file entry_6.txt (compact mmCIF, C-alpha atoms)
# COMPACT_ATOMS: atom_id res chain seq x y z
CA MET W 12 60.68 69.29 9.58
CA ASN W 13 57.98 70.57 7.20
CA ILE W 14 59.10 71.49 3.69
CA ALA W 15 57.03 73.13 0.96
CA ALA W 16 58.02 74.05 -2.58
CA VAL W 17 57.27 76.91 -4.93
CA VAL W 18 57.58 77.02 -8.71
CA ILE W 19 56.89 80.19 -10.68
CA LEU W 20 55.41 79.66 -14.13
CA TYR W 21 55.41 81.82 -17.23
CA HIS W 22 53.76 80.31 -20.32
CA PRO W 23 54.47 76.74 -19.16
CA ASP W 24 54.52 73.72 -21.48
CA GLN W 25 54.23 69.97 -20.98
CA GLN W 26 57.87 69.71 -19.94
CA THR W 27 57.01 71.94 -16.99
CA VAL W 28 54.66 69.25 -15.71
CA GLU W 29 57.42 66.63 -15.93
CA ASN W 30 59.82 68.94 -14.11
CA ILE W 31 57.40 69.45 -11.22
CA LEU W 32 56.87 65.72 -10.91
CA SER W 33 60.60 65.24 -10.31
CA TYR W 34 60.37 66.68 -6.78
CA ARG W 35 56.70 66.24 -5.79
CA TYR W 36 57.36 63.34 -3.38
CA TYR W 37 59.99 65.24 -1.39
CA VAL W 38 57.84 68.16 -0.23
CA ASP W 39 54.57 68.41 1.68
CA LYS W 40 52.95 71.07 -0.51
CA ILE W 41 53.76 72.75 -3.83
CA TYR W 42 52.75 76.37 -4.43
CA ILE W 43 52.40 76.89 -8.17
CA VAL W 44 52.39 80.58 -9.04
CA ASP W 45 51.46 81.39 -12.63
CA ASN W 46 52.81 84.73 -13.87
CA SER W 47 51.24 84.21 -17.31
CA GLU W 48 48.64 86.77 -18.29
CA ASN W 49 46.45 83.94 -19.60
CA ALA W 50 46.55 80.56 -17.90
CA SER W 51 47.04 77.36 -19.91
CA MET W 52 44.17 75.31 -18.53
CA SER W 53 45.40 72.08 -20.11
CA ILE W 54 48.78 72.41 -18.40
CA ILE W 55 47.26 73.43 -15.09
CA GLY W 56 44.80 70.55 -15.32
CA ALA W 57 47.65 68.12 -15.90
CA ILE W 58 49.53 69.47 -12.89
CA ARG W 59 46.47 69.23 -10.64
CA ASN W 60 45.83 65.66 -11.75
CA GLU W 61 49.39 64.60 -11.02
CA VAL W 62 50.02 66.73 -7.93
CA PRO W 63 46.96 66.83 -5.62
CA LYS W 64 49.04 68.66 -2.99
CA ALA W 65 49.49 71.65 -5.34
CA VAL W 66 48.11 75.11 -4.55
CA TYR W 67 47.59 77.11 -7.75
CA ILE W 68 47.87 80.92 -7.70
CA HIS W 69 47.06 82.98 -10.79
CA GLU W 70 46.35 86.72 -10.87
CA SER W 71 46.45 87.28 -14.66
CA GLN W 72 49.60 89.41 -14.55
CA ASN W 73 53.36 89.02 -14.43
CA ASN W 74 54.53 90.12 -10.99
CA GLY W 75 58.09 88.91 -11.47
CA ILE W 76 60.15 86.62 -9.27
CA ALA W 77 60.91 88.60 -6.11
CA GLN W 78 57.33 89.60 -5.32
CA ARG W 79 56.06 86.07 -5.94
CA LEU W 80 58.74 84.51 -3.75
CA ASN W 81 57.88 86.91 -0.95
CA GLN W 82 54.19 86.15 -1.35
CA VAL W 83 54.66 82.39 -1.13
CA CYS W 84 57.33 82.42 1.59
CA LYS W 85 54.88 84.35 3.75
CA LEU W 86 52.05 81.91 2.97
CA ALA W 87 54.26 78.90 3.66
CA GLY W 88 55.53 80.35 6.93
CA GLU W 89 51.99 81.08 8.09
CA ALA W 90 51.04 77.50 7.20
CA GLY W 91 53.76 76.18 9.52
CA TYR W 92 56.46 75.23 7.03
CA ASN W 93 60.08 75.55 8.15
CA TYR W 94 61.72 75.50 4.71
CA ILE W 95 60.72 76.00 1.10
CA LEU W 96 62.31 74.56 -2.04
CA THR W 97 62.36 77.23 -4.76
CA MET W 98 62.24 76.02 -8.36
CA ASP W 99 62.12 77.40 -11.90
CA GLN W 100 59.67 75.86 -14.33
CA ASP W 101 62.53 74.66 -16.54
CA SER W 102 64.46 72.91 -13.75
CA SER W 103 64.24 69.37 -12.45
CA PHE W 104 66.13 66.66 -10.55
CA GLU W 105 67.04 63.11 -11.39
CA GLU W 106 65.45 60.76 -8.86
CA THR W 107 68.71 59.60 -7.29
CA VAL W 108 69.97 63.18 -7.15
CA ILE W 109 67.03 64.70 -5.27
CA LYS W 110 66.99 61.76 -2.86
CA ASN W 111 70.64 62.45 -2.09
CA TYR W 112 70.01 66.18 -1.87
CA PHE W 113 67.36 65.86 0.82
CA GLU W 114 69.46 63.36 2.75
CA CYS W 115 72.38 65.81 2.71
CA PHE W 116 70.10 68.69 3.69
CA ARG W 117 68.42 66.86 6.56
CA GLY W 118 71.74 65.63 7.89
CA TYR W 119 73.49 69.00 7.82
CA PRO W 120 74.37 70.18 11.36
CA GLY W 121 73.58 73.73 12.46
CA LYS W 122 71.09 74.35 9.69
CA GLU W 123 69.23 76.87 11.87
CA ASN W 124 71.93 79.43 10.99
CA VAL W 125 71.84 78.72 7.24
CA ALA W 126 69.70 81.14 5.24
CA MET W 127 69.78 79.11 2.05
CA PHE W 128 71.01 75.74 0.83
CA GLY W 129 71.63 75.29 -2.86
CA VAL W 130 72.97 73.09 -5.63
CA GLN W 131 75.24 73.42 -8.61
CA TYR W 132 74.22 73.21 -12.25
CA GLU W 133 77.39 73.75 -14.27
CA ASN W 134 79.98 71.22 -13.08
CA PRO W 135 78.77 67.62 -13.51
CA GLN W 136 82.25 66.37 -12.57
CA TRP W 137 81.48 67.40 -8.98
CA ALA W 138 78.38 65.21 -8.77
CA SER W 139 78.59 62.25 -6.40
CA ASP W 140 76.65 60.37 -3.73
CA LYS W 141 78.81 61.78 -0.95
CA CYS W 142 77.62 65.01 0.66
CA ASN W 143 79.98 67.87 -0.14
CA ALA W 144 78.73 71.00 1.63
CA SER W 145 80.71 74.21 1.21
CA PRO W 146 80.18 77.77 2.47
CA TRP W 147 79.29 79.85 -0.58
CA THR W 148 78.46 83.41 -1.53
CA THR W 149 75.76 83.17 -4.20
CA LEU W 150 73.20 80.55 -5.16
CA ILE W 151 70.64 80.52 -7.92
CA THR W 152 66.98 80.44 -6.91
CA SER W 153 66.22 77.19 -8.68
CA GLY W 154 66.96 74.17 -6.54
CA SER W 155 67.58 76.19 -3.38
CA ILE W 156 66.04 75.55 0.04
CA VAL W 157 65.19 78.74 1.93
CA ASN W 158 65.07 78.82 5.73
CA LEU W 159 61.72 80.45 6.48
CA ALA W 160 62.61 81.05 10.14
CA LEU W 161 65.27 83.53 8.96
CA PHE W 162 63.31 84.94 6.03
CA GLU W 163 61.74 87.86 7.91
CA GLN W 164 65.01 88.75 9.65
CA ILE W 165 66.78 88.94 6.30
CA GLY W 166 63.98 91.06 4.86
CA GLY W 167 62.69 88.91 2.04
CA PHE W 168 63.64 89.23 -1.60
CA ASP W 169 64.32 92.66 -3.11
CA GLU W 170 61.33 93.55 -5.30
CA ASN W 171 63.28 96.38 -6.95
CA LEU W 172 64.92 93.68 -9.07
CA PHE W 173 61.71 92.05 -10.42
CA ILE W 174 63.68 89.21 -12.06
CA ASP W 175 67.41 88.39 -12.37
CA THR W 176 69.93 88.54 -9.51
CA VAL W 177 67.05 88.32 -7.01
CA ASP W 178 68.77 85.25 -5.59
CA PHE W 179 72.26 86.77 -5.48
CA GLU W 180 71.05 89.87 -3.66
CA TYR W 181 69.28 87.75 -1.04
CA CYS W 182 72.49 85.80 -0.47
CA TYR W 183 74.58 88.95 -0.04
CA ARG W 184 72.15 90.36 2.50
CA SER W 185 71.96 87.06 4.37
CA ILE W 186 75.74 86.96 4.74
CA LEU W 187 75.86 90.56 5.93
CA LYS W 188 73.31 89.69 8.61
CA GLY W 189 75.56 86.89 9.87
CA PHE W 190 73.87 83.88 8.28
CA ARG W 191 75.45 81.22 6.11
CA ILE W 192 74.91 80.19 2.50
CA ILE W 193 75.69 76.53 1.82
CA LEU W 194 76.26 74.89 -1.57
CA PHE W 195 76.03 71.13 -1.95
CA LYS W 196 78.63 70.68 -4.66
CA ASN W 197 77.70 67.03 -5.12
CA ILE W 198 74.12 67.83 -6.19
CA LEU W 199 73.56 68.62 -9.87
CA LEU W 200 70.36 70.37 -10.92
CA THR W 201 69.04 69.91 -14.43
CA HIS W 202 68.62 73.54 -15.42
CA ARG W 203 68.16 75.50 -18.63
CA LEU W 204 69.26 79.10 -19.08
CA GLY W 205 67.74 81.00 -21.98
CA ILE W 206 67.48 79.51 -25.46
CA THR W 207 70.42 77.40 -26.59
CA GLN W 208 71.33 77.52 -30.26
CA PHE W 209 74.18 75.87 -32.10
CA GLN W 210 76.32 78.23 -34.14
CA THR W 211 78.83 77.08 -36.74
CA ALA W 212 82.29 78.58 -36.70
CA GLY W 213 83.37 79.90 -40.08
CA LYS W 214 86.92 78.53 -40.05
CA THR W 215 86.43 75.11 -38.50
CA GLY W 216 82.83 74.37 -39.44
CA LYS W 217 82.25 72.99 -35.95
CA GLY W 218 79.07 73.78 -34.07
CA SER W 219 79.07 75.16 -30.55
CA PRO W 220 76.15 76.02 -28.23
CA VAL W 221 75.37 79.64 -27.38
CA THR W 222 72.70 80.83 -24.94
CA LEU W 223 70.48 83.63 -26.18
CA HIS W 224 68.10 85.85 -24.23
CA SER W 225 65.30 88.23 -25.14
CA PRO W 226 66.16 91.95 -25.22
CA VAL W 227 64.06 92.66 -22.12
CA ARG W 228 65.85 89.88 -20.22
CA LEU W 229 69.18 91.49 -21.03
CA TYR W 230 67.73 94.80 -19.88
CA TYR W 231 67.09 93.28 -16.46
CA MET W 232 70.50 91.62 -16.34
CA LEU W 233 72.33 94.88 -16.98
CA ARG W 234 70.13 97.19 -14.92
CA ASN W 235 70.11 94.83 -11.95
CA TYR W 236 73.86 94.29 -12.10
CA LEU W 237 74.32 98.07 -11.90
CA TYR W 238 71.91 98.18 -8.95
CA LEU W 239 73.76 95.43 -7.07
CA ARG W 240 77.10 97.01 -7.87
CA SER W 241 75.97 100.29 -6.36
CA LYS W 242 75.06 98.47 -3.11
CA TYR W 243 77.71 95.78 -2.77
CA ARG W 244 80.86 96.62 -4.76
CA LYS W 245 82.85 97.45 -1.63
CA LEU W 246 81.48 94.50 0.33
CA PHE W 247 81.71 91.82 -2.37
CA PRO W 248 84.26 93.14 -4.91
CA ALA W 249 85.21 89.76 -6.38
CA GLU W 250 81.57 88.80 -6.91
CA MET W 251 80.78 92.14 -8.53
CA LEU W 252 83.69 91.71 -10.94
CA GLN W 253 82.48 88.23 -11.79
CA SER W 254 78.95 89.50 -12.36
CA ARG W 255 80.23 92.32 -14.55
CA ASN W 256 82.13 89.91 -16.75
CA ALA W 257 79.17 87.54 -16.98
CA VAL W 258 76.75 90.31 -18.01
CA LEU W 259 79.13 91.78 -20.59
CA ASN W 260 79.78 88.33 -22.02
CA ARG W 261 76.06 87.62 -22.39
CA ILE W 262 75.50 90.97 -24.07
CA LYS W 263 78.39 90.29 -26.45
CA ILE W 264 77.12 86.83 -27.39
CA ASN W 265 73.61 88.09 -27.99
CA LEU W 266 74.80 91.02 -30.09
CA LEU W 267 76.88 88.67 -32.22
CA HIS W 268 74.04 86.23 -32.88
CA THR W 269 70.86 88.29 -32.82
CA THR W 270 68.97 89.34 -35.91
CA HIS W 271 67.50 92.29 -33.98
CA ARG W 272 70.63 94.16 -32.98
CA THR W 273 69.05 97.63 -32.98
CA GLU W 274 66.27 96.52 -30.65
CA LEU W 275 68.75 94.82 -28.36
CA LEU W 276 70.93 97.92 -28.17
CA ARG W 277 67.87 100.00 -27.33
CA TYR W 278 67.03 97.76 -24.37
CA ILE W 279 70.64 97.78 -23.18
CA TRP W 280 70.65 101.57 -23.26
CA ARG W 281 67.34 101.66 -21.36
CA GLY W 282 68.88 99.44 -18.70
CA VAL W 283 71.58 102.04 -18.04
CA VAL W 284 69.19 104.98 -18.21
CA ASP W 285 66.61 103.40 -15.91
CA PHE W 286 69.22 102.49 -13.33
CA LYS W 287 70.53 106.05 -13.25
CA ALA W 288 66.96 107.37 -12.97
CA ASN W 289 66.18 104.85 -10.18
CA ARG W 290 63.41 103.30 -12.30
CA LEU W 291 63.39 99.83 -10.83
CA GLY W 292 60.91 96.96 -10.58
CA LYS W 293 59.05 95.89 -13.71
CA TYR W 294 60.20 97.26 -17.07
CA ARG W 295 57.85 99.98 -18.27
CA LYS W 296 57.55 100.99 -21.90
CA LYS W 297 57.81 104.69 -22.55
call {"tool": "encode", "arguments": {"input": "entry_6.txt", "output": "structure tokens"}}
result
Amino acid sequence: MNIAAVVILYHPDQQTVENILSYRYYVDKIYIVDNSENASMSIIGAIRNEVPKAVYIHESQNNGIAQRLNQVCKLAGEAGYNYILTMDQDSSFEETVIKNYFECFRGYPGKENVAMFGVQYENPQWASDKCNASPWTTLITSGSIVNLALFEQIGGFDENLFIDTVDFEYCYRSILKGFRIILFKNILLTHRLGITQFQTAGKTGKGSPVTLHSPVRLYYMLRNYLYLRSKYRKLFPAEMLQSRNAVLNRIKINLLHTTHRTELLRYIWRGVVDFKANRLGKYRKK
């Protein structure tokens, strides 16, 4: 069973190199796609030195997540790979965890009907050495293993989304086509979402972490949620409600803690307007 990996970069730093090294021994080739307008040659040089099996792709523009995943899945399939591990630049595995992950994956029966295997990143209490595979509805891109034999049948990733919910939409479509989505609950990915800041509560004086996003990232979150809702609200009502609550909560947190509230509100409004006008894909300034 041949397995490749893909990681999509955007202004990577030295930690990105360390993250890639955490899974290099478990795949046969790593496609490194750089969405940065200008490549960081020192970072790329470090990756090439540490990972001779890497294939570096840079086109001096940000083409988003969906288009890049489609590009590399096609390349990997043509090169004879059966599966591809999809990673974010800010995600990694502990050594014992990825070893267990690949043992669970390889030992899973009936994998030919599974469109995507994935891992969890929010519930460390689930982590264990014992394989705990469960049918699931949505997985995040990072840490997932995509079945390339089913990729064309499913139709690839939806490039209307550009970034955000690309993974969820692929899962919904896979399920509707009769394929399974499997989560290994026992596998914990080290994953970072947005920028974490500690905010102090006025009454108690205690600090608590909050995750903040750029205004354009929130634009994608809202616009893409509306897009998915228009397609899947009758088919996956519980998931759409969960997504709605998650998006509204992120908007609320960012509005409470941002110092650029007017700009953020402008991007949120554009998300609604662009969805209604069917302006999808990459955000375009007026």
call {"tool": "residues_around", "arguments": {"input": "entry_6.txt", "residues": "Tyr37 (chain W)", "least_positions_apart": "6", "cutoff": "10 Å", "atoms": "only C-alpha atoms", "output": "list in words"}}
result
Ile14, Ala15, Ala16, Leu96, Ile109, Lys110 and Phe113 of chain W
call {"tool": "closest_residue", "arguments": {"input": "entry_6.txt", "among": "W:Arg79, W:Cys182, W:Tyr230, W:Asp169", "to": "Arg295 (chain W)", "atoms": "all atoms listed in the file"}}
result
W:Tyr230
call {"tool": "closest_residue", "arguments": {"input": "entry_6.txt", "among": "W:Ile186, W:Leu199, W:Ile262, W:Leu246", "to": "Trp147 (chain W)", "atoms": "all atoms listed in the file"}}
result
W:Ile186
call {"tool": "atom_distance", "arguments": {"input": "entry_6.txt", "atom1": "CA of Ser185 (chain W)", "atom2": "CA of Ser254 (chain W)"}}
result
18.3 Å
call {"tool": "residues_around", "arguments": {"input": "entry_6.txt", "residues": "Ser53 (chain W)", "least_positions_apart": "6", "cutoff": "10 Å", "atoms": "all atoms listed in the file", "output": "PyMOL selection string"}}
result
chain W and resi 24-25+59
call {"tool": "write_last_selection", "arguments": {"input": "entry_6.txt", "atoms": "C-alpha atoms", "output": "PDB file, in the coordinates of the input"}}
result
ATOM      1  CA  ASP W  24      54.520  73.720 -21.480  1.00  0.00           C
ATOM      2  CA  GLN W  25      54.230  69.970 -20.980  1.00  0.00           C
ATOM      3  CA  ARG W  59      46.470  69.230 -10.640  1.00  0.00           C
TER       4      ARG W  59
END
call {"tool": "residues_around", "arguments": {"input": "entry_6.txt", "residues": "region 149-165 of chain W", "least_positions_apart": "6", "cutoff": "7 Å", "atoms": "only C-alpha atoms", "output": "ChimeraX atom specification"}}
result
/W:84,88,93-99,102,125-130,178-179,182,184-185,188,200
call {"tool": "atom_distance", "arguments": {"input": "entry_6.txt", "atom1": "CA of Pro146 (chain W)", "atom2": "CA of Leu194 (chain W)"}}
result
6.3 Å
call {"tool": "atom_distance", "arguments": {"input": "entry_6.txt", "atom1": "CA of Glu250 (chain W)", "atom2": "CA of Thr148 (chain W)"}}
result
8.2 Å
call {"tool": "residues_near_point", "arguments": {"input": "entry_6.txt", "point": "(75.9, 77.9, 7.5)", "cutoff": "8 Å", "atoms": "only C-alpha atoms", "output": "list in words"}}
result
Gly121, Lys122, Asn124, Val125, Ala126, Pro146, Phe190, Arg191, Ile192 and Ile193 of chain W
call {"tool": "residues_around", "arguments": {"input": "entry_6.txt", "residues": "Arg261 (chain W)", "least_positions_apart": "2", "cutoff": "10 Å", "atoms": "all atoms listed in the file", "output": "PyMOL selection string"}}
result
chain W and resi 221-224+229+232-233+256-259+263-267
call {"tool": "closest_residue", "arguments": {"input": "entry_6.txt", "among": "W:Ala249, W:Ala288, W:Asn235, W:Ala57", "to": "Val28 (chain W)", "atoms": "only C-alpha atoms"}}
result
W:Ala57
call {"tool": "residues_around", "arguments": {"input": "entry_6.txt", "residues": "Cys115 (chain W)", "least_positions_apart": "5", "cutoff": "10 Å", "atoms": "all atoms listed in the file", "output": "PyMOL selection string"}}
result
chain W and resi 109-110+120+140-144+195+197-198
call {"tool": "residues_near_point", "arguments": {"input": "entry_6.txt", "point": "(58.0, 98.6, -14.8)", "cutoff": "12 Å", "atoms": "all atoms listed in the file", "output": "count of residues only"}}
result
24
call {"tool": "closest_residue", "arguments": {"input": "entry_6.txt", "among": "W:Gly91, W:Pro23, W:Pro135, W:Pro226", "to": "Glu48 (chain W)", "atoms": "all atoms listed in the file"}}
result
W:Pro23
call {"tool": "axis_aligned_box", "arguments": {"input": "entry_6.txt", "around": "region 117-136 of chain W", "padding_each_side": "4 Å", "output": "AutoDock Vina command-line options"}}
result
--center_x 75.3 --center_y 73.4 --center_z -0.9 --size_x 21.8 --size_y 23.5 --size_z 34.7
call {"tool": "closest_residue", "arguments": {"input": "entry_6.txt", "among": "W:Pro63, W:Tyr119, W:Arg35, W:Phe168", "to": "Gln82 (chain W)", "atoms": "only C-alpha atoms"}}
result
W:Phe168
call {"tool": "build_atoms", "arguments": {"input": "entry_6.txt", "residues": "region 167-203 of chain W", "atoms": "N, CA and C atoms", "output": "short mmCIF file (atom, residue, chain, number, x, y, z; two decimals), in the coordinates of the input"}}
result
data_model
loop_
_atom_site.label_atom_id
_atom_site.label_comp_id
_atom_site.auth_asym_id
_atom_site.auth_seq_id
_atom_site.Cartn_x
_atom_site.Cartn_y
_atom_site.Cartn_z
N GLY W 167 63.32 89.36 3.28
CA GLY W 167 62.69 88.91 2.04
C GLY W 167 63.53 89.24 0.81
N PHE W 168 62.96 88.98 -0.34
CA PHE W 168 63.64 89.23 -1.60
C PHE W 168 63.39 90.67 -2.07
N ASP W 169 64.37 91.25 -2.70
CA ASP W 169 64.32 92.66 -3.11
C ASP W 169 63.45 92.81 -4.36
N GLU W 170 62.27 93.42 -4.19
CA GLU W 170 61.33 93.55 -5.30
C GLU W 170 61.73 94.63 -6.30
N ASN W 171 62.75 95.42 -5.97
CA ASN W 171 63.28 96.38 -6.95
C ASN W 171 63.84 95.67 -8.18
N LEU W 172 64.23 94.41 -8.00
CA LEU W 172 64.92 93.68 -9.07
C LEU W 172 63.95 93.03 -10.06
N PHE W 173 62.73 92.69 -9.60
CA PHE W 173 61.71 92.05 -10.42
C PHE W 173 62.13 90.64 -10.81
N ILE W 174 63.05 90.49 -11.75
CA ILE W 174 63.68 89.21 -12.06
C ILE W 174 65.18 89.45 -12.22
N ASP W 175 65.95 88.36 -12.19
CA ASP W 175 67.41 88.39 -12.37
C ASP W 175 68.15 88.99 -11.18
N THR W 176 69.09 88.22 -10.67
CA THR W 176 69.93 88.54 -9.51
C THR W 176 69.13 88.70 -8.21
N VAL W 177 67.86 88.34 -8.23
CA VAL W 177 67.05 88.32 -7.01
C VAL W 177 67.70 87.39 -5.98
N ASP W 178 68.15 86.24 -6.46
CA ASP W 178 68.77 85.25 -5.59
C ASP W 178 70.11 85.72 -5.05
N PHE W 179 70.95 86.30 -5.91
CA PHE W 179 72.26 86.77 -5.48
C PHE W 179 72.13 87.85 -4.40
N GLU W 180 71.21 88.78 -4.61
CA GLU W 180 71.05 89.87 -3.66
C GLU W 180 70.61 89.34 -2.30
N TYR W 181 69.74 88.35 -2.29
CA TYR W 181 69.28 87.75 -1.04
C TYR W 181 70.45 87.08 -0.31
N CYS W 182 71.31 86.44 -1.07
CA CYS W 182 72.49 85.80 -0.47
C CYS W 182 73.43 86.83 0.14
N TYR W 183 73.69 87.91 -0.58
CA TYR W 183 74.58 88.95 -0.04
C TYR W 183 74.03 89.49 1.28
N ARG W 184 72.75 89.79 1.30
CA ARG W 184 72.15 90.36 2.50
C ARG W 184 72.13 89.36 3.65
N SER W 185 71.93 88.10 3.33
CA SER W 185 71.96 87.06 4.37
C SER W 185 73.33 86.99 5.03
N ILE W 186 74.37 87.02 4.22
CA ILE W 186 75.74 86.96 4.74
C ILE W 186 76.04 88.17 5.61
N LEU W 187 75.61 89.35 5.17
CA LEU W 187 75.86 90.56 5.93
C LEU W 187 75.13 90.56 7.27
N LYS W 188 74.05 89.81 7.36
CA LYS W 188 73.31 89.69 8.61
C LYS W 188 73.84 88.56 9.49
N GLY W 189 74.91 87.90 9.04
CA GLY W 189 75.56 86.89 9.87
C GLY W 189 75.11 85.47 9.64
N PHE W 190 74.33 85.23 8.58
CA PHE W 190 73.87 83.88 8.28
C PHE W 190 74.72 83.26 7.18
N ARG W 191 74.62 81.94 7.07
CA ARG W 191 75.45 81.22 6.11
C ARG W 191 74.66 80.85 4.85
N ILE W 192 75.41 80.71 3.77
CA ILE W 192 74.91 80.19 2.50
C ILE W 192 75.71 78.92 2.23
N ILE W 193 75.01 77.81 1.99
CA ILE W 193 75.69 76.53 1.82
C ILE W 193 75.35 75.93 0.45
N LEU W 194 76.40 75.57 -0.28
CA LEU W 194 76.26 74.89 -1.57
C LEU W 194 76.61 73.43 -1.41
N PHE W 195 75.72 72.55 -1.85
CA PHE W 195 76.03 71.13 -1.95
C PHE W 195 76.63 70.88 -3.34
N LYS W 196 77.94 70.83 -3.38
CA LYS W 196 78.63 70.68 -4.66
C LYS W 196 78.31 69.35 -5.34
N ASN W 197 77.94 68.36 -4.55
CA ASN W 197 77.70 67.03 -5.12
C ASN W 197 76.34 66.90 -5.80
N ILE W 198 75.47 67.91 -5.64
CA ILE W 198 74.12 67.83 -6.19
C ILE W 198 74.03 68.63 -7.48
N LEU W 199 73.63 67.98 -8.55
CA LEU W 199 73.56 68.62 -9.87
C LEU W 199 72.10 68.79 -10.29
N LEU W 200 71.70 70.03 -10.45
CA LEU W 200 70.36 70.37 -10.92
C LEU W 200 70.33 70.34 -12.45
N THR W 201 69.26 69.82 -12.99
CA THR W 201 69.04 69.91 -14.43
C THR W 201 68.36 71.24 -14.69
N HIS W 202 69.07 72.15 -15.34
CA HIS W 202 68.62 73.54 -15.42
C HIS W 202 68.92 74.10 -16.81
N ARG W 203 67.97 74.90 -17.31
CA ARG W 203 68.16 75.50 -18.63
C ARG W 203 68.16 77.02 -18.50
#
